[in-house]
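> Have a peek at query-v6.tsv (TSV, C-alpha atoms and all ligand atoms).
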```tsv
chain	number	residue	atom	x	y	z
Q	1	MET	CA	-8.41	0.04	22.07
Q	2	ALA	CA	-6.18	-0.70	19.06
Q	3	ARG	CA	-7.57	0.12	15.63
Q	4	LYS	CA	-8.37	-3.04	13.65
Q	5	ILE	CA	-6.93	-3.15	10.14
Q	6	ILE	CA	-6.51	-5.54	7.21
Q	7	ILE	CA	-3.61	-4.80	4.88
Q	8	ASP	CA	-4.20	-5.78	1.25
Q	9	THR	CA	-0.77	-6.03	-0.29
Q	10	ASP	CA	1.47	-6.98	-3.23
Q	11	PRO	CA	4.94	-7.08	-1.55
Q	12	GLY	CA	7.06	-5.16	-2.87
Q	13	GLN	CA	9.84	-3.60	-0.78
Q	14	ASP	CA	7.71	-0.58	0.18
Q	15	ASP	CA	4.81	-2.88	1.11
Q	16	ALA	CA	7.26	-4.69	3.40
Q	17	VAL	CA	8.15	-1.48	5.23
Q	18	ALA	CA	4.44	-0.63	5.59
Q	19	ILE	CA	3.68	-4.07	7.04
Q	20	LEU	CA	6.62	-3.82	9.47
Q	21	LEU	CA	5.49	-0.34	10.58
Q	22	ALA	CA	1.97	-1.64	11.24
Q	23	LEU	CA	3.23	-4.68	13.19
Q	24	ALA	CA	5.52	-2.40	15.20
Q	25	SER	CA	2.67	-0.12	16.30
Q	26	PRO	CA	0.52	-0.98	19.34
Q	27	GLU	CA	-2.11	1.50	18.13
Q	28	LEU	CA	-2.97	-0.97	15.38
Q	29	GLU	CA	-4.31	-4.54	15.49
Q	30	VAL	CA	-3.50	-6.20	12.17
Q	31	LEU	CA	-6.22	-8.83	11.68
Q	32	GLY	CA	-4.41	-10.32	8.71
Q	33	LEU	CA	-2.88	-9.75	5.30
Q	34	SER	CA	-4.86	-10.27	2.10
Q	35	VAL	CA	-2.42	-10.73	-0.75
Q	36	VAL	CA	-2.90	-9.72	-4.38
Q	37	ALA	CA	-0.88	-9.97	-7.60
Q	38	GLY	CA	0.73	-6.69	-8.57
Q	39	ASN	CA	4.41	-5.84	-8.24
Q	40	VAL	CA	5.05	-9.48	-9.07
Q	41	GLY	CA	2.86	-12.56	-9.52
Q	42	LEU	CA	0.77	-13.96	-6.67
Q	43	ASP	CA	3.15	-16.90	-6.20
Q	44	HIS	CA	5.82	-14.42	-5.13
Q	45	THR	CA	3.62	-11.86	-3.32
Q	46	GLN	CA	2.04	-14.49	-1.04
Q	47	ARG	CA	5.50	-15.95	-0.27
Q	48	ASN	CA	6.92	-12.47	0.35
Q	49	ALA	CA	4.07	-11.59	2.72
Q	50	ARG	CA	4.84	-14.66	4.84
Q	51	MET	CA	8.58	-13.91	4.85
Q	52	ILE	CA	7.87	-10.37	6.09
Q	53	CYS	CA	5.63	-11.69	8.89
Q	54	GLU	CA	8.34	-14.13	10.00
Q	55	LEU	CA	10.98	-11.37	9.87
Q	56	ALA	CA	8.72	-9.36	12.20
Q	57	GLY	CA	8.35	-12.32	14.56
Q	58	ARG	CA	4.69	-12.78	13.61
Q	59	PRO	CA	4.34	-16.27	12.07
Q	60	ASP	CA	0.89	-16.34	13.70
Q	61	LEU	CA	-0.54	-13.61	11.49
Q	62	PRO	CA	-3.11	-14.92	8.96
Q	63	VAL	CA	-1.83	-14.43	5.39
Q	64	HIS	CA	-4.46	-15.21	2.73
Q	65	ALA	CA	-3.67	-15.49	-0.96
Q	66	GLY	CA	-6.15	-13.62	-3.13
Q	67	CYS	CA	-6.65	-12.67	-6.77
Q	68	ASP	CA	-3.88	-13.55	-9.20
Q	69	ALA	CA	-5.10	-11.29	-12.01
Q	70	PRO	CA	-7.14	-8.10	-12.47
Q	71	LEU	CA	-10.91	-8.21	-12.95
Q	72	GLN	CA	-10.83	-7.89	-16.73
Q	73	ARG	CA	-7.27	-7.27	-17.83
Q	74	LYS	CA	-4.01	-9.13	-18.19
Q	75	LEU	CA	-1.74	-8.67	-15.17
Q	76	ILE	CA	0.99	-6.05	-15.49
Q	77	THR	CA	3.88	-6.53	-13.06
Q	78	ALA	CA	6.85	-4.38	-12.01
Q	79	GLU	CA	9.92	-6.62	-11.79
Q	80	HIS	CA	11.85	-3.71	-13.32
Q	81	VAL	CA	11.25	-1.85	-10.05
Q	82	HIS	CA	11.10	-4.56	-7.40
Q	83	GLY	CA	13.27	-7.30	-8.94
Q	84	LYS	CA	12.30	-10.83	-9.97
Q	85	THR	CA	11.12	-11.91	-6.52
Q	86	GLY	CA	9.49	-8.61	-5.65
Q	87	LEU	CA	11.66	-8.36	-2.54
Q	88	ASP	CA	15.09	-8.17	-4.15
Q	89	GLY	CA	17.83	-6.51	-2.13
Q	90	VAL	CA	17.63	-8.85	0.87
Q	91	THR	CA	17.78	-12.65	1.08
Q	92	LEU	CA	15.34	-14.03	3.65
Q	93	PRO	CA	14.75	-17.69	4.59
Q	94	GLU	CA	11.94	-19.55	2.83
Q	95	PRO	CA	8.75	-19.05	4.88
Q	96	ALA	CA	7.94	-21.84	7.33
Q	97	MET	CA	4.49	-20.47	8.21
Q	98	PRO	CA	1.72	-21.79	5.92
Q	99	LEU	CA	-0.78	-19.64	4.06
Q	100	ALA	CA	-4.00	-19.28	6.04
Q	101	PRO	CA	-6.78	-21.46	4.62
Q	102	GLY	CA	-9.31	-19.69	2.42
Q	103	HIS	CA	-9.16	-17.12	-0.34
Q	104	ALA	CA	-8.34	-13.54	0.65
Q	105	VAL	CA	-11.69	-12.32	-0.70
Q	106	ASP	CA	-13.54	-14.72	1.61
Q	107	PHE	CA	-11.30	-13.57	4.48
Q	108	LEU	CA	-12.25	-9.94	3.78
Q	109	ILE	CA	-15.98	-10.75	3.61
Q	110	GLU	CA	-16.04	-13.05	6.66
Q	111	THR	CA	-13.98	-10.65	8.79
Q	112	LEU	CA	-16.11	-7.61	7.94
Q	113	ARG	CA	-19.30	-9.58	8.63
Q	114	ARG	CA	-17.91	-10.86	11.97
Q	115	GLU	CA	-16.38	-7.69	13.38
Q	116	LYS	CA	-18.51	-4.84	14.74
Q	117	PRO	CA	-19.79	-2.56	11.96
Q	118	GLY	CA	-17.45	0.38	11.46
Q	119	SER	CA	-14.58	-1.23	13.38
Q	120	VAL	CA	-12.32	-2.48	10.57
Q	121	THR	CA	-10.14	-0.26	8.36
Q	122	LEU	CA	-8.95	-1.61	5.01
Q	123	VAL	CA	-5.44	-0.61	3.92
Q	124	PRO	CA	-4.96	-1.55	0.25
Q	125	ILE	CA	-1.38	-0.94	-0.93
Q	126	GLY	CA	-1.50	-2.82	-4.23
Q	127	PRO	CA	-3.99	-3.18	-7.10
Q	128	LEU	CA	-7.58	-3.12	-5.79
Q	129	THR	CA	-8.72	-6.46	-7.24
Q	130	ASN	CA	-9.32	-8.25	-3.90
Q	131	ILE	CA	-11.24	-5.32	-2.41
Q	132	ALA	CA	-13.41	-4.79	-5.48
Q	133	THR	CA	-14.17	-8.51	-5.78
Q	134	ALA	CA	-15.25	-8.63	-2.11
Q	135	PHE	CA	-17.45	-5.53	-2.54
Q	136	ARG	CA	-19.08	-6.98	-5.68
Q	137	ARG	CA	-19.65	-10.41	-4.12
Q	138	ALA	CA	-20.91	-9.06	-0.77
Q	139	PRO	CA	-22.21	-5.48	-1.05
Q	140	ASP	CA	-23.44	-5.73	2.55
Q	141	ILE	CA	-19.86	-5.41	3.82
Q	142	VAL	CA	-19.28	-1.93	2.34
Q	143	PRO	CA	-21.17	0.02	5.05
Q	144	ARG	CA	-19.37	-2.12	7.67
Q	145	VAL	CA	-15.97	-0.72	6.61
Q	146	ARG	CA	-14.71	2.03	8.93
Q	147	GLU	CA	-12.41	3.60	6.31
Q	148	ILE	CA	-10.26	2.65	3.34
Q	149	VAL	CA	-6.76	4.17	3.41
Q	150	LEU	CA	-5.09	3.28	0.14
Q	151	MET	CA	-1.87	3.99	-1.71
Q	152	GLY	CA	-2.65	4.76	-5.31
Q	153	GLY	CA	-3.22	7.35	-7.96
Q	154	ALA	CA	-1.59	10.62	-8.85
Q	155	TYR	CA	-2.64	13.98	-10.15
Q	156	PHE	CA	-0.18	16.87	-10.13
Q	157	GLU	CA	2.62	14.30	-9.92
Q	158	VAL	CA	1.19	12.43	-12.99
Q	159	GLY	CA	1.88	8.71	-13.50
Q	160	ASN	CA	4.73	6.30	-12.82
Q	161	ILE	CA	3.73	3.36	-15.05
Q	162	THR	CA	2.22	5.46	-17.88
Q	163	PRO	CA	2.36	9.23	-18.36
Q	164	ALA	CA	-1.15	9.41	-16.84
Q	165	ALA	CA	-1.49	6.56	-14.35
Q	166	GLU	CA	0.04	5.26	-11.12
Q	167	PHE	CA	0.79	1.52	-10.97
Q	168	ASN	CA	-1.76	0.24	-8.41
Q	169	ILE	CA	-4.65	1.91	-10.20
Q	170	HIS	CA	-3.37	1.19	-13.71
Q	171	VAL	CA	-3.08	-2.56	-13.10
Q	172	ASP	CA	-6.81	-2.83	-12.37
Q	173	PRO	CA	-8.75	0.36	-13.24
Q	174	GLU	CA	-12.10	-1.46	-13.16
Q	175	ALA	CA	-11.42	-2.57	-9.59
Q	176	ALA	CA	-10.40	0.95	-8.63
Q	177	LYS	CA	-13.59	2.34	-10.17
Q	178	ILE	CA	-15.66	0.01	-7.96
Q	179	VAL	CA	-13.78	1.00	-4.81
Q	180	PHE	CA	-13.85	4.77	-5.51
Q	181	ALA	CA	-17.60	4.58	-6.25
Q	182	SER	CA	-18.40	2.33	-3.26
Q	183	GLY	CA	-19.36	5.11	-0.87
Q	184	ALA	CA	-16.89	3.88	1.76
Q	185	ALA	CA	-14.90	6.61	3.56
Q	186	LEU	CA	-11.74	6.86	1.44
Q	187	THR	CA	-8.32	8.40	2.08
Q	188	VAL	CA	-5.93	8.30	-0.86
Q	189	MET	CA	-2.11	8.48	-0.66
Q	190	PRO	CA	-1.16	9.31	-4.29
Q	191	LEU	CA	2.30	9.81	-5.78
Q	192	ASP	CA	1.79	13.52	-5.05
Q	193	VAL	CA	2.56	12.81	-1.40
Q	194	THR	CA	4.53	9.56	-1.58
Q	195	HIS	CA	7.16	11.13	-3.84
Q	196	ARG	CA	7.80	13.51	-0.94
Q	197	ALA	CA	8.43	10.60	1.47
Q	198	LEU	CA	11.91	10.10	0.04
Q	199	THR	CA	14.51	8.22	2.07
Q	200	SER	CA	17.88	9.86	2.73
Q	201	ARG	CA	21.30	8.19	2.84
Q	202	ALA	CA	21.55	9.09	6.53
Q	203	TRP	CA	18.23	7.43	7.30
Q	204	VAL	CA	19.13	4.28	5.38
Q	205	GLU	CA	22.43	4.08	7.28
Q	206	THR	CA	20.50	4.49	10.56
Q	207	MET	CA	18.42	1.47	9.50
Q	208	ARG	CA	21.56	-0.47	8.58
Q	209	GLY	CA	22.94	0.15	12.05
Q	210	MET	CA	19.97	-1.57	13.68
Q	211	GLY	CA	19.22	-5.29	14.01
Q	212	ARG	CA	18.09	-7.65	11.26
Q	213	ILE	CA	14.80	-5.81	10.64
Q	214	GLY	CA	16.45	-2.43	10.19
Q	215	GLN	CA	19.13	-4.05	8.05
Q	216	ALA	CA	16.46	-5.61	5.85
Q	217	VAL	CA	14.79	-2.20	5.43
Q	218	ALA	CA	18.17	-0.74	4.42
Q	219	GLY	CA	18.77	-3.52	1.89
Q	220	TRP	CA	15.33	-3.18	0.35
Q	221	THR	CA	15.65	0.60	0.18
Q	222	ASP	CA	19.05	0.37	-1.53
Q	223	PHE	CA	17.53	-1.88	-4.19
Q	224	PHE	CA	14.24	0.01	-4.55
Q	225	GLU	CA	15.95	3.44	-4.74
Q	226	ARG	CA	17.89	2.76	-7.92
Q	227	TYR	CA	14.71	2.82	-10.07
Q	228	ASP	CA	13.59	6.26	-8.92
Q	229	ARG	CA	17.14	7.62	-9.02
Q	230	GLU	CA	17.51	6.55	-12.68
Q	231	LYS	CA	13.98	7.66	-13.68
Q	232	TYR	CA	13.47	10.87	-11.73
Q	233	GLY	CA	17.01	11.71	-10.70
Q	234	SER	CA	15.69	11.68	-7.16
Q	235	GLN	CA	18.03	11.12	-4.26
Q	236	GLY	CA	16.22	8.51	-2.24
Q	237	ALA	CA	13.47	5.92	-2.53
Q	238	PRO	CA	9.81	7.02	-2.22
Q	239	LEU	CA	8.23	5.08	0.64
Q	240	HIS	CA	4.82	4.90	-1.03
Q	241	ASP	CA	2.98	2.27	1.02
Q	242	PRO	CA	4.19	3.23	4.53
Q	243	CYS	CA	2.36	6.57	4.09
Q	244	THR	CA	-0.94	4.73	4.63
Q	245	ILE	CA	0.14	3.30	7.98
Q	246	ALA	CA	1.73	6.57	9.09
Q	247	TRP	CA	-1.61	8.28	8.36
Q	248	LEU	CA	-3.36	5.85	10.70
Q	249	LEU	CA	-0.74	6.48	13.39
Q	250	ASP	CA	-0.63	10.27	13.03
Q	251	PRO	CA	-2.88	11.98	10.46
Q	252	GLU	CA	-1.36	15.34	11.50
Q	253	LEU	CA	1.71	14.36	9.50
Q	254	PHE	CA	-0.31	14.81	6.31
Q	255	SER	CA	-2.52	17.35	4.60
Q	256	GLY	CA	-4.94	17.09	1.71
Q	257	ARG	CA	-8.45	17.90	0.61
Q	258	LEU	CA	-11.83	16.12	0.42
Q	259	ILE	CA	-12.55	16.12	-3.32
Q	260	ASN	CA	-14.07	14.14	-6.17
Q	261	VAL	CA	-11.76	11.52	-7.69
Q	262	GLU	CA	-12.88	9.50	-10.70
Q	263	ILE	CA	-11.05	6.60	-12.36
Q	264	GLU	CA	-10.53	6.64	-16.11
Q	265	THR	CA	-11.09	3.16	-17.59
Q	266	ARG	CA	-11.60	3.95	-21.29
Q	267	GLY	CA	-9.13	6.66	-22.34
Q	268	GLU	CA	-6.79	5.79	-25.19
Q	269	TYR	CA	-3.78	7.18	-23.27
Q	270	THR	CA	-5.23	7.65	-19.79
Q	271	GLN	CA	-6.52	4.30	-18.56
Q	272	GLY	CA	-6.00	4.06	-14.79
Q	273	MET	CA	-5.72	7.81	-14.35
Q	274	THR	CA	-7.16	9.23	-11.11
Q	275	VAL	CA	-8.99	12.35	-12.25
Q	276	ALA	CA	-8.73	14.42	-9.07
Q	277	ASP	CA	-10.98	17.49	-9.02
Q	278	TRP	CA	-8.67	19.48	-6.71
Q	279	TRP	CA	-10.28	22.83	-7.62
Q	280	GLY	CA	-13.88	21.59	-7.43
Q	281	VAL	CA	-14.75	22.50	-11.00
Q	282	SER	CA	-16.68	19.36	-11.92
Q	283	GLY	CA	-19.57	19.67	-9.51
Q	284	ARG	CA	-19.22	15.94	-8.90
Q	285	PRO	CA	-19.67	14.85	-5.25
Q	286	ALA	CA	-16.55	14.50	-3.10
Q	287	ASN	CA	-15.65	10.85	-2.48
Q	288	ALA	CA	-12.02	10.87	-1.27
Q	289	THR	CA	-9.58	12.71	0.95
Q	290	PHE	CA	-6.71	13.23	-1.50
Q	291	ILE	CA	-3.40	13.76	0.32
Q	292	ARG	CA	-0.68	15.99	-1.13
Q	293	GLU	CA	1.75	16.92	1.69
Q	294	VAL	CA	3.69	15.07	4.36
Q	295	LYS	CA	5.91	16.35	7.18
Q	296	ARG	CA	8.89	14.37	5.91
Q	297	ASP	CA	11.20	14.63	8.96
Q	298	ALA	CA	8.45	13.66	11.39
Q	299	PHE	CA	7.39	10.79	9.10
Q	300	PHE	CA	10.91	9.32	9.10
Q	301	ALA	CA	11.33	9.93	12.83
Q	302	LEU	CA	8.18	7.86	13.43
Q	303	LEU	CA	9.42	5.13	11.11
Q	304	THR	CA	12.84	5.04	12.80
Q	305	GLU	CA	11.35	4.83	16.29
Q	306	ARG	CA	8.94	2.02	15.34
Q	307	ILE	CA	11.41	-0.10	13.34
Q	308	ARG	CA	13.91	0.21	16.19
Q	309	ALA	CA	11.28	-0.93	18.70
Q	310	LEU	CA	10.28	-3.88	16.49
Q	311	ASP	CA	13.92	-4.85	16.06
Q	312	GLN	CA	14.40	-4.87	19.81
Q	313	ARG	CA	11.18	-6.85	20.33
Q	314	ALA	CA	11.70	-9.39	17.56
Q	315	GLY	CA	15.31	-9.86	18.65
Q	401	LIG	O1	3.03	3.09	-7.53
Q	401	LIG	C1	3.51	2.64	-6.29
Q	401	LIG	C2	2.75	1.44	-5.83
Q	401	LIG	O2	2.92	0.40	-6.77
Q	401	LIG	C3	3.26	0.89	-4.49
Q	401	LIG	O3	2.21	0.27	-3.80
Q	401	LIG	C4	4.25	-0.15	-4.91
Q	401	LIG	O4	4.40	-1.19	-3.95
Q	401	LIG	C5	3.59	-0.70	-6.14
Q	401	LIG	O5	2.63	-1.66	-5.72
Q	402	CA	CA	2.40	-2.07	-3.06
```
Translate this structure into structure tokens?

Amino acid sequence: MARKIIIDTDPGQDDAVAILLALASPELEVLGLSVVAGNVGLDHTQRNARMICELAGRPDLPVHAGCDAPLQRKLITAEHVHGKTGLDGVTLPEPAMPLAPGHAVDFLIETLRREKPGSVTLVPIGPLTNIATAFRRAPDIVPRVREIVLMGGAYFEVGNITPAAEFNIHVDPEAAKIVFASGAALTVMPLDVTHRALTSRAWVETMRGMGRIGQAVAGWTDFFERYDREKYGSQGAPLHDPCTIAWLLDPELFSGRLINVEIETRGEYTQGMTVADWWGVSGRPANATFIREVKRDAFFALLTERIRALDQRAG
């Protein structure tokens, strides 16, 4: 039986690769995409999500537009990383598929109330505004969530949008605080592991040698890579968001520790920091599996195999 998931997303080139990986994998049943503002504004992220679905040959997939701003703060976006559209690097046709009717938060609540308790996994790969809003509006859905596997945070790797904070958490720290305190089973893919999921030139060229889906992945990676190359001197683009889907497909690719992770919302310099108690010194209860390592070659082998299969299927 395929594992039911909802991807909450702010596409974003790496979001796009995560969504393609999920749609390429028969082990997963994607019930829909809930879209949030983050990398770019909601007008672009909801359009990008539909373009990605059509690229994957899935114009049937429900795409719901969600929150266009954080719970309490002004939206911070990342055009400097992802380009003006959020999917720069590849030109795709305007989406023909419509948005699904209804706000993404209502979609999250209605789906979790309809599906069997413990059968739906949430995969947030952008700011946590939609998820937190759903949990606040309908607390009864929290125990119905099987697991939350999210991309966000950092500890030993420190921040990428401020010296202390990773982008997804920093955009909406209050939302992150609600999700991390919710009691739902939580697996966190922080920069500590996603900065190890770096693409290589050879891998990108393998993608470029495939059909239109692989070629799109190569184009997005070329664009997305330049930011990390300039900032960190890294050779390759960190595939942050696909780490969540790869975890669902093969958790053995990763290693981490069940620890306490708190979200800083008040610090003068540290707002949005994930305070990860890796050495268990706080005495605070563990609330998240915090991932630090990935088997990089096996991760990219999985990605290559699945993108190739999707390319062949989508034609
Ligand atoms: O910090 C990386 C995260 O921020 C990724 O999800 C990327 O898509 C951006 O949303
Ligand atoms: Ca993202």
> What does the structure give for the distance between atom CA of Q:Val145 and atom CA of Q:Val105, in Å to one decimal?
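Value for the atom CA of Q:Val145-atom CA of Q:Val105 distance: 14.4 Å.
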> Which residue gives the smallest distance to Q:Ser200 among Q:Met273, Q:Gln215, Q:Glu230, Q:Asp297, with only C-alpha atoms counted?
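Among the listed residues, the smallest separation from Q:Ser200 belongs to Q:Asp297.
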> Which polymer residues, protein or nucleic acid, are no farther than 8 Å from (-13.9, -4.7, 1.8), counting all atoms listed in the file, as number ranges by chain?
Q: 108-109, 112, 122, 131-132, 134-135, 141-142, 145
> Could you please take those selected residues and save C-alpha atoms as a compact mmCIF listing (two decimals), in the coordinates of the input?

```txt
# COMPACT_ATOMS: atom_id res chain seq x y z
CA LEU Q 108 -12.25 -9.94 3.78
CA ILE Q 109 -15.98 -10.75 3.61
CA LEU Q 112 -16.11 -7.61 7.94
CA LEU Q 122 -8.95 -1.61 5.01
CA ILE Q 131 -11.24 -5.32 -2.41
CA ALA Q 132 -13.41 -4.79 -5.48
CA ALA Q 134 -15.25 -8.63 -2.11
CA PHE Q 135 -17.45 -5.53 -2.54
CA ILE Q 141 -19.86 -5.41 3.82
CA VAL Q 142 -19.28 -1.93 2.34
CA VAL Q 145 -15.97 -0.72 6.61
```
> So which residues are near ligand LIG 401 (chain Q), meaning at most 10 Å away with all atoms listed in the file counted, given back as a PyMOL selection string?
chain Q and resi 9-18+36-40+77-78+81-82+86+124-127+150-154+159-161+165-171+189-191+194-195+224+238-242
> What lies within 10 Å of Q:Ala49 using all atoms listed in the file, ignoring chain neighbours under 3 positions off, as a PyMOL selection string?
chain Q and resi 9-12+15-16+19+33-35+44-46+52-55+63-65+87+95+99
> What does the distance from atom CA of Q:Val158 to atom CA of Q:Thr121 come to in Å, to one decimal?
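Rounded to one decimal, the two atoms are 27.3 Å apart.
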> If you count all atoms listed in the file, which residues fall within 9 Å of Q:Phe180, apart from same-chain ones fewer than 5 positions away, as a list in words?
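The residues satisfying every condition are Ala175, Leu186, Val261, Glu262, Ile263, Asn287 and Ala288 of chain Q.
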> What gap, in Å, lies between atom CA of Q:Trp203 and atom CA of Q:Gly89?
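Rounded to one decimal, the two atoms are 16.8 Å apart.
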> Select, from Q:Cys243, Q:Ala100, Q:Glu29, Q:Asp277, the residue with the minimum atom-to-atom distance to ligand CA 402 (chain Q), counting all atoms listed in the file.
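Among the listed residues, Q:Cys243 lies closest to ligand CA 402 (chain Q).
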> Please write as a list in words the list of polymer residues whose atoms come within 8 Å of (12.6, 9.8, -4.4), counting only C-alpha atoms and keeping to the coordinates of the file.
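Protein, DNA and RNA residues close to (12.6, 9.8, -4.4): His195, Arg196, Ala197, Leu198, Thr199, Glu225, Asp228, Arg229, Tyr232, Gly233, Ser234, Gln235, Gly236, Ala237 and Pro238 of chain Q.
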> Could you list, as a PDB file with C-alpha atoms, keeping the file's coordinate frame, every residue within 12 Å of Q:Asp250, counting all atoms listed in the file and ignoring same-chain residues fewer than 3 positions away?

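The resulting selection20.pdb:
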```pdb
ATOM      1  CA  SER Q  25       2.670  -0.120  16.300  1.00  0.00           C
ATOM      2  CA  GLU Q  27      -2.110   1.500  18.130  1.00  0.00           C
ATOM      3  CA  LEU Q  28      -2.970  -0.970  15.380  1.00  0.00           C
ATOM      4  CA  CYS Q 243       2.360   6.570   4.090  1.00  0.00           C
ATOM      5  CA  THR Q 244      -0.940   4.730   4.630  1.00  0.00           C
ATOM      6  CA  ILE Q 245       0.140   3.300   7.980  1.00  0.00           C
ATOM      7  CA  ALA Q 246       1.730   6.570   9.090  1.00  0.00           C
ATOM      8  CA  TRP Q 247      -1.610   8.280   8.360  1.00  0.00           C
ATOM      9  CA  LEU Q 253       1.710  14.360   9.500  1.00  0.00           C
ATOM     10  CA  PHE Q 254      -0.310  14.810   6.310  1.00  0.00           C
ATOM     11  CA  SER Q 255      -2.520  17.350   4.600  1.00  0.00           C
ATOM     12  CA  VAL Q 294       3.690  15.070   4.360  1.00  0.00           C
ATOM     13  CA  LYS Q 295       5.910  16.350   7.180  1.00  0.00           C
ATOM     14  CA  ALA Q 298       8.450  13.660  11.390  1.00  0.00           C
ATOM     15  CA  PHE Q 299       7.390  10.790   9.100  1.00  0.00           C
ATOM     16  CA  ALA Q 301      11.330   9.930  12.830  1.00  0.00           C
ATOM     17  CA  LEU Q 302       8.180   7.860  13.430  1.00  0.00           C
ATOM     18  CA  LEU Q 303       9.420   5.130  11.110  1.00  0.00           C
TER      19      LEU Q 303
END
```
> Return the single residue from Q:Pro163, Q:Gly83, Q:Gly214, Q:Gly32 that is closest to Q:Leu310, with distances computed using all atoms listed in the file.
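Selected residue with least distance to Q:Leu310: Q:Gly214.
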> With distances taken over only C-alpha atoms, which of Q:Val204, Q:Leu248, Q:Ala2, Q:Glu110 is nearest to Q:Ala216?
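Going through Q:Val204, Q:Leu248, Q:Ala2, Q:Glu110 one by one, the smallest distance to Q:Ala216 is for Q:Val204.
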> When you count all atoms listed in the file, which of these residues is closest to ligand CA 402 (chain Q): Q:Arg212, Q:Val123, Q:Ala276, Q:Glu157?
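Among the listed residues, the smallest separation from ligand CA 402 (chain Q) belongs to Q:Val123.
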